[in-house]
There are 2 protein chains.
Amino acid sequence: MSIVLVHIDGEPVEPWIAEFTRQAPEIEARPLDRIEDPAAVDVVVAWKLPQGLYGTFPNLRLIQSMAAGVDHVLADTSRPAQVPIARVVDPWMARAMSHHVILQILRWHRQLDLFEADRAENRWRCGVTFHPETVRVGVLGLGHLGQAVARALQGLGFAAAGWSRSPKALEGLETFHGTEGLAALAERSTALVCLLPLTTETEGILNAGLFAHLPEGSFLVNVARGGHLVEDDLFAALDSGRLSAAALDVMAAEPLPSDHPAWRDPRIFLTPHIASEINLATATTVFVDNIRRLRRGEALTGLVDPARGY
Amino acid sequence: MSIVLVHIDGEPVEPWIAEFTRQAPEIEARPLDRIEDPAAVDVVVAWKLPQGLYGTFPNLRLIQSMAAGVDHVLADTSRPAQVPIARVVDPWMARAMSHHVILQILRWHRQLDLFEADRAENRWRCGVTFHPETVRVGVLGLGHLGQAVARALQGLGFAAAGWSRSPKALEGLETFHGTEGLAALAERSTALVCLLPLTTETEGILNAGLFAHLPEGSFLVNVARGGHLVEDDLFAALDSGRLSAAALDVMAAEPLPSDHPAWRDPRIFLTPHIASEINLATATTVFVDNIRRLRRGEALTGLVDPARGY
């Protein structure tokens, strides 16, 4: 019998097991504590499997990440190099991500926090005009999520452009690439949105050197991974006025330690990694499809290149 | 000489005069205190001209509202009945309105205020999934602004539908009309957005009778006029849970009196009539175009039917 191990760090796995049973009765999905024979596991569907476990399944044929990122998989050095890794490519999650980014961009652009502060003083600040034509969003990362976010921003009339490591030609979207392209993207942007995979090349990419290319008073949105951001550089950029605010949904340490200054800094729009939570029903459909493909010997979807990291 | 009187209540008019001069040097635009001969005024471009003045211009040929609504014009009983009235139809303002409504809908849907409250307690509430498929927006009013907002919401994947007094068939948008249609729209909606003109028929339309047709925990957005809302019914609906929150950009009295409960009620997302402020450059282009049409004897744009009130 082939078993699918399902594991999600920090949350009950039972609803996922039940959803697998509902959508695909032929798939035997089990939680970690019900794996009697590691040799029976041919697929792992996981968010942050405990370190060292990937190496204990001799017949593993697919690692399916429960997230758009696979950094949590690549971090496990016990992982057999030949086992394919897939990320989640789910339009439902792309829409959620677009909603989060649009909410943060509009909150900044339309000064929601200023009007909330006014309320405490009974101040009716009317006659304010917002100029969306001054908002130019640069999206870092042009994968499934980055493209969806850039298109959604364009749909609202915002001038969006994108950046990726290697050149990408996308209909109707200005794109930049490589190191020089990154500076050029920052120079034309008043808001940067990070949707990059976390790799050795992108770690710390949101740093003082990049911020220096942004116009004064720009806005930063990080919805990728905390490791992309150099936090000291962020606070320096906020203090100097290079950045007027930053929306952070991901942090280097999560849950955020209680003494972290981001908790109390009104220039930081802090959210607890909720930009694009995985959706039980739609993600299970993606997982089931890939598992059936594997077992039928068909091409898998969402495969990543471990050497690139995405 | 034909003179265009430009007046905007509560704000300096000089920038508007300067913009007229910049865009159309042939148009003699003047503020109220520089009108020597009322008989020379053929056009009034105004937001809330002082009561009784419309009747003092014997050669008036066009009243151009500086807003999408003309209720402030119709309220002046001195207005000569035969003078045509035009509202502003400006895609720039429609985009601003869409941005405001989307910000408020997303703020409610993605529970921004809950996460802000969490910050005060250092609470990292992760693992929250938002389900946009449960958000069904009913747009009251299918004029230029209502249609733009409904389309923008559809573009973000929200199920939008619209209501108007008389039947309207719009490609790809579910529409309702009349008294029975209003109840039906409310029954299928979890968020109501009011973009109606304020007329004797729509005054107080946001009342307990309408709220009773909404599902429990619905959301109300009023971006039209304070007169649409029965405030006592709003607070009762918030207290009963019929409404979970309301975004109010317009109030019966503006600026909002300092003792009004909306200032301090966290269930009310209060903004000071800034949803869609008029834009100097783009609105002046609309005004200039209409004045030139008038003087060339061509058809005017944005005309309203005073009998309907919009």
# chains A, B, ... in the order shown; residues from 1 in each chain; ligands from 1

$ select_by_dssp --residues "region 60-136 of chain B" --states "helix (DSSP H, G or I)" --output "JSON, numbers by chain"
{"B": [71, 72, 73, 74, 91, 92, 93, 94, 95, 96, 97, 98, 99, 100, 101, 102, 103, 104, 105, 106, 107, 108, 109, 112, 113, 114, 115, 116, 117, 118, 119, 120, 132, 133, 134]}

$ write_last_selection --atoms "C-alpha atoms" --output "mmCIF file, in the first residue's frame"
data_model
loop_
_atom_site.group_PDB
_atom_site.id
_atom_site.type_symbol
_atom_site.label_atom_id
_atom_site.label_comp_id
_atom_site.auth_asym_id
_atom_site.auth_seq_id
_atom_site.Cartn_x
_atom_site.Cartn_y
_atom_site.Cartn_z
ATOM 1 C CA ASP B 71 -28.846 67.395 -4.877
ATOM 2 C CA HIS B 72 -27.047 70.565 -3.775
ATOM 3 C CA VAL B 73 -28.297 72.311 -6.951
ATOM 4 C CA LEU B 74 -31.865 71.017 -6.810
ATOM 5 C CA PRO B 91 -13.486 58.312 -15.112
ATOM 6 C CA TRP B 92 -10.789 59.602 -12.765
ATOM 7 C CA MET B 93 -13.400 60.065 -10.019
ATOM 8 C CA ALA B 94 -14.913 56.663 -10.754
ATOM 9 C CA ARG B 95 -11.494 55.086 -10.212
ATOM 10 C CA ALA B 96 -11.043 56.926 -6.906
ATOM 11 C CA MET B 97 -14.488 55.759 -5.801
ATOM 12 C CA SER B 98 -13.628 52.168 -6.734
ATOM 13 C CA HIS B 99 -10.405 52.397 -4.734
ATOM 14 C CA HIS B 100 -12.237 53.676 -1.659
ATOM 15 C CA VAL B 101 -14.947 50.999 -1.815
ATOM 16 C CA ILE B 102 -12.399 48.223 -2.400
ATOM 17 C CA LEU B 103 -10.313 49.465 0.532
ATOM 18 C CA GLN B 104 -13.359 49.365 2.820
ATOM 19 C CA ILE B 105 -14.583 45.974 1.553
ATOM 20 C CA LEU B 106 -11.118 44.431 1.939
ATOM 21 C CA ARG B 107 -10.646 46.048 5.348
ATOM 22 C CA TRP B 108 -13.861 44.376 6.497
ATOM 23 C CA HIS B 109 -13.387 41.057 4.671
ATOM 24 C CA LEU B 112 -7.839 44.553 9.412
ATOM 25 C CA ASP B 113 -9.181 46.006 12.649
ATOM 26 C CA LEU B 114 -8.979 42.653 14.420
ATOM 27 C CA PHE B 115 -5.289 42.361 13.549
ATOM 28 C CA GLU B 116 -4.650 45.946 14.638
ATOM 29 C CA ALA B 117 -6.321 45.171 17.987
ATOM 30 C CA ASP B 118 -4.165 42.030 18.260
ATOM 31 C CA ARG B 119 -1.044 44.179 18.028
ATOM 32 C CA ALA B 120 -1.876 45.924 21.274
ATOM 33 C CA PRO B 132 -13.670 35.902 -0.772
ATOM 34 C CA GLU B 133 -16.268 33.566 -2.323
ATOM 35 C CA THR B 134 -18.474 34.326 0.708
#

$ interface_residues --of "chain A" --to "chain B" --cutoff "7 Å" --atoms "only C-alpha atoms" --output "list of chain:residue names"
A:Leu103, A:Leu106, A:Arg107, A:Phe115, A:Arg119, A:Asn122, A:Trp124, A:Arg125, A:Cys126, A:Gly127, A:Val128, A:Thr129, A:Pro255, A:Leu256, A:Ser258, A:Trp263, A:Thr271, A:Pro272, A:His273, A:Ile274, A:Glu277, A:Asn279

$ atom_distance --atom1 "CA of Gly309 (chain B)" --atom2 "CA of Leu185 (chain B)"
22.8 Å

$ atom_distance --atom1 "CA of Pro15 (chain B)" --atom2 "CA of Ala29 (chain B)"
11.3 Å

$ select_by_dssp --residues "region 57-214 of chain B" --states "strand (DSSP E)" --output "list of chain:residue names"
B:Leu62, B:Ile63, B:Gln64, B:Ser65, B:Ile85, B:Ala86, B:Arg136, B:Val137, B:Gly138, B:Val139, B:Leu140, B:Ala159, B:Ala160, B:Ala161, B:Gly162, B:Trp163, B:Ser164, B:Glu174, B:Thr175, B:Phe176, B:His177, B:Ala191, B:Leu192, B:Val193, B:Cys194

$ residues_around --residues "Gly143 (chain A)" --least-positions-apart "2" --cutoff "9 Å" --atoms "only C-alpha atoms" --output "ChimeraX atom specification"
/A:141,145-148,164,195-197

$ residues_around --residues "region 169-179 of chain B" --least-positions-apart "4" --cutoff "12 Å" --atoms "only C-alpha atoms" --output "tab-separated table (two decimals) with N, CA, C and O atoms, in the first residue's frame"
chain	number	residue	atom	x	y	z
B	136	ARG	N	-20.44	38.77	-1.13
B	136	ARG	CA	-21.30	39.08	-2.27
B	136	ARG	C	-21.75	40.52	-2.12
B	136	ARG	O	-22.46	40.87	-1.18
B	137	VAL	N	-21.29	41.35	-3.05
B	137	VAL	CA	-21.52	42.79	-2.91
B	137	VAL	C	-22.72	43.22	-3.75
B	137	VAL	O	-22.79	42.92	-4.94
B	138	GLY	N	-23.63	43.92	-3.12
B	138	GLY	CA	-24.77	44.51	-3.82
B	138	GLY	C	-24.55	46.01	-3.95
B	138	GLY	O	-24.40	46.69	-2.94
B	139	VAL	N	-24.50	46.49	-5.18
B	139	VAL	CA	-24.26	47.92	-5.42
B	139	VAL	C	-25.59	48.61	-5.71
B	139	VAL	O	-26.28	48.25	-6.68
B	140	LEU	N	-25.95	49.57	-4.89
B	140	LEU	CA	-27.17	50.33	-5.08
B	140	LEU	C	-26.84	51.54	-5.94
B	140	LEU	O	-26.04	52.39	-5.54
B	141	GLY	N	-27.46	51.58	-7.11
B	141	GLY	CA	-27.15	52.67	-8.04
B	141	GLY	C	-26.27	52.15	-9.16
B	141	GLY	O	-25.17	51.64	-8.89
B	142	LEU	N	-26.74	52.25	-10.39
B	142	LEU	CA	-25.96	51.74	-11.53
B	142	LEU	C	-25.68	52.84	-12.54
B	142	LEU	O	-25.74	52.63	-13.75
B	143	GLY	N	-25.38	54.02	-12.03
B	143	GLY	CA	-24.90	55.10	-12.89
B	143	GLY	C	-23.42	54.89	-13.17
B	143	GLY	O	-22.88	53.79	-13.03
B	146	GLY	N	-21.61	53.67	-9.91
B	146	GLY	CA	-22.05	52.34	-9.48
B	146	GLY	C	-21.54	51.25	-10.41
B	146	GLY	O	-21.04	50.21	-9.96
B	147	GLN	N	-21.62	51.48	-11.71
B	147	GLN	CA	-21.13	50.48	-12.66
B	147	GLN	C	-19.62	50.29	-12.53
B	147	GLN	O	-19.11	49.16	-12.55
B	148	ALA	N	-18.90	51.39	-12.36
B	148	ALA	CA	-17.43	51.29	-12.24
B	148	ALA	C	-17.04	50.50	-11.01
B	148	ALA	O	-16.15	49.65	-11.05
B	149	VAL	N	-17.72	50.75	-9.90
B	149	VAL	CA	-17.42	50.03	-8.65
B	149	VAL	C	-17.76	48.55	-8.79
B	149	VAL	O	-16.98	47.69	-8.38
B	150	ALA	N	-18.92	48.25	-9.37
B	150	ALA	CA	-19.31	46.84	-9.54
B	150	ALA	C	-18.30	46.10	-10.41
B	150	ALA	O	-17.89	44.97	-10.11
B	151	ARG	N	-17.85	46.74	-11.48
B	151	ARG	CA	-16.87	46.11	-12.38
B	151	ARG	C	-15.53	45.89	-11.68
B	151	ARG	O	-14.86	44.87	-11.88
B	152	ALA	N	-15.12	46.89	-10.89
B	152	ALA	CA	-13.84	46.76	-10.18
B	152	ALA	C	-13.89	45.61	-9.17
B	152	ALA	O	-12.93	44.85	-9.02
B	153	LEU	N	-15.03	45.48	-8.48
B	153	LEU	CA	-15.18	44.38	-7.53
B	153	LEU	C	-15.17	43.03	-8.25
B	153	LEU	O	-14.54	42.07	-7.79
B	154	GLN	N	-15.84	42.96	-9.38
B	154	GLN	CA	-15.81	41.72	-10.18
B	154	GLN	C	-14.39	41.37	-10.59
B	154	GLN	O	-13.99	40.22	-10.58
B	155	GLY	N	-13.63	42.40	-10.94
B	155	GLY	CA	-12.24	42.19	-11.37
B	155	GLY	C	-11.39	41.56	-10.28
B	155	GLY	O	-10.39	40.90	-10.56
B	158	PHE	N	-14.86	39.23	-6.68
B	158	PHE	CA	-16.02	39.28	-5.79
B	158	PHE	C	-17.31	39.17	-6.61
B	158	PHE	O	-17.42	39.76	-7.70
B	159	ALA	N	-18.29	38.46	-6.06
B	159	ALA	CA	-19.59	38.33	-6.72
B	159	ALA	C	-20.37	39.62	-6.51
B	159	ALA	O	-20.88	39.87	-5.42
B	160	ALA	N	-20.44	40.44	-7.54
B	160	ALA	CA	-21.14	41.73	-7.44
B	160	ALA	C	-22.45	41.65	-8.21
B	160	ALA	O	-22.58	40.91	-9.19
B	161	ALA	N	-23.42	42.40	-7.73
B	161	ALA	CA	-24.69	42.57	-8.43
B	161	ALA	C	-25.11	44.02	-8.20
B	161	ALA	O	-24.57	44.69	-7.33
B	162	GLY	N	-26.06	44.49	-9.00
B	162	GLY	CA	-26.44	45.90	-8.89
B	162	GLY	C	-27.94	46.09	-8.84
B	162	GLY	O	-28.71	45.22	-9.28
B	163	TRP	N	-28.35	47.24	-8.32
B	163	TRP	CA	-29.76	47.59	-8.26
B	163	TRP	C	-29.96	49.02	-8.75
B	163	TRP	O	-29.16	49.90	-8.46
B	164	SER	N	-31.00	49.21	-9.52
B	164	SER	CA	-31.37	50.56	-9.94
B	164	SER	C	-32.89	50.67	-9.90
B	164	SER	O	-33.59	49.65	-9.83
B	165	ARG	N	-33.39	51.90	-9.94
B	165	ARG	CA	-34.83	52.11	-9.83
B	165	ARG	C	-35.55	51.46	-11.00
B	165	ARG	O	-36.49	50.70	-10.84
B	183	ALA	N	-35.25	44.24	-2.21
B	183	ALA	CA	-35.24	43.18	-1.18
B	183	ALA	C	-34.45	41.97	-1.69
B	183	ALA	O	-33.66	41.38	-0.94
B	184	ALA	N	-34.64	41.64	-2.96
B	184	ALA	CA	-33.95	40.47	-3.52
B	184	ALA	C	-32.44	40.69	-3.57
B	184	ALA	O	-31.65	39.79	-3.30
B	185	LEU	N	-32.04	41.92	-3.93
B	185	LEU	CA	-30.61	42.22	-3.94
B	185	LEU	C	-30.02	42.07	-2.54
B	185	LEU	O	-28.95	41.48	-2.36
B	186	ALA	N	-30.74	42.61	-1.54
B	186	ALA	CA	-30.23	42.54	-0.16
B	186	ALA	C	-30.11	41.09	0.29
B	186	ALA	O	-29.14	40.71	0.95
B	187	GLU	N	-31.06	40.26	-0.11
B	187	GLU	CA	-31.04	38.86	0.33
B	187	GLU	C	-29.84	38.09	-0.23
B	187	GLU	O	-29.35	37.18	0.43
B	188	ARG	N	-29.35	38.46	-1.41
B	188	ARG	CA	-28.20	37.74	-1.98
B	188	ARG	C	-26.88	38.41	-1.66
B	188	ARG	O	-25.83	37.96	-2.09
B	189	SER	N	-26.90	39.50	-0.88
B	189	SER	CA	-25.67	40.27	-0.63
B	189	SER	C	-25.19	40.13	0.81
B	189	SER	O	-26.01	39.99	1.72
B	201	GLU	N	-37.11	59.89	-3.43
B	201	GLU	CA	-37.36	58.44	-3.40
B	201	GLU	C	-36.27	57.65	-2.69
B	201	GLU	O	-36.53	56.57	-2.18
B	202	THR	N	-35.04	58.15	-2.71
B	202	THR	CA	-33.94	57.38	-2.12
B	202	THR	C	-33.55	57.86	-0.73
B	202	THR	O	-32.76	57.21	-0.06
B	205	ILE	N	-33.27	55.38	2.31
B	205	ILE	CA	-33.42	54.03	1.74
B	205	ILE	C	-32.62	52.99	2.52
B	205	ILE	O	-32.95	51.81	2.52
B	209	GLY	N	-35.91	48.33	7.33
B	209	GLY	CA	-36.63	47.46	6.41
B	209	GLY	C	-35.70	46.80	5.41
B	209	GLY	O	-35.83	45.61	5.09
B	210	LEU	N	-34.74	47.56	4.89
B	210	LEU	CA	-33.76	47.00	3.95
B	210	LEU	C	-32.77	46.09	4.68
B	210	LEU	O	-32.48	44.97	4.22

$ residues_around --residues "His228 (chain B)" --least-positions-apart "4" --cutoff "9 Å" --atoms "only C-alpha atoms" --output "list in words"
Cys194, Leu196, Pro197, Leu198, Thr199, Thr202, Glu203, Gly204, Ile205, Leu206, Asn207, Asn222, Ala224, Met251 and Ala252 of chain B

$ residues_around --residues "Val83 (chain A)" --least-positions-apart "4" --cutoff "7 Å" --atoms "only C-alpha atoms" --output "list of chain:residue names"
A:Leu60, A:Arg61, A:Leu62, A:Ile63

$ write_last_selection --atoms "all heavy atoms" --output "tab-separated table (two decimals), in the first residue's frame"
chain	number	residue	atom	x	y	z
A	60	LEU	N	10.17	7.35	-1.10
A	60	LEU	CA	9.56	8.66	-1.36
A	60	LEU	C	9.71	9.03	-2.84
A	60	LEU	O	10.80	8.93	-3.41
A	60	LEU	CB	10.25	9.71	-0.48
A	60	LEU	CG	9.60	11.09	-0.39
A	60	LEU	CD1	8.17	10.99	0.15
A	60	LEU	CD2	10.44	11.99	0.51
A	61	ARG	N	8.59	9.44	-3.46
A	61	ARG	CA	8.61	9.77	-4.90
A	61	ARG	C	8.18	11.21	-5.18
A	61	ARG	O	8.35	11.70	-6.31
A	61	ARG	CB	7.71	8.80	-5.67
A	61	ARG	CG	8.23	7.36	-5.63
A	61	ARG	CD	7.17	6.39	-6.13
A	61	ARG	NE	6.86	6.60	-7.53
A	61	ARG	CZ	5.69	6.29	-8.10
A	61	ARG	NH1	4.71	5.76	-7.36
A	61	ARG	NH2	5.47	6.52	-9.38
A	62	LEU	N	7.59	11.87	-4.18
A	62	LEU	CA	7.16	13.27	-4.38
A	62	LEU	C	7.07	14.00	-3.04
A	62	LEU	O	6.49	13.47	-2.09
A	62	LEU	CB	5.78	13.32	-5.07
A	62	LEU	CG	5.08	14.70	-5.13
A	62	LEU	CD1	5.89	15.71	-5.93
A	62	LEU	CD2	3.66	14.57	-5.69
A	63	ILE	N	7.66	15.19	-3.00
A	63	ILE	CA	7.47	16.08	-1.86
A	63	ILE	C	6.60	17.24	-2.34
A	63	ILE	O	7.00	18.00	-3.22
A	63	ILE	CB	8.81	16.62	-1.31
A	63	ILE	CG1	9.69	15.47	-0.81
A	63	ILE	CG2	8.57	17.66	-0.21
A	63	ILE	CD1	11.10	15.87	-0.43
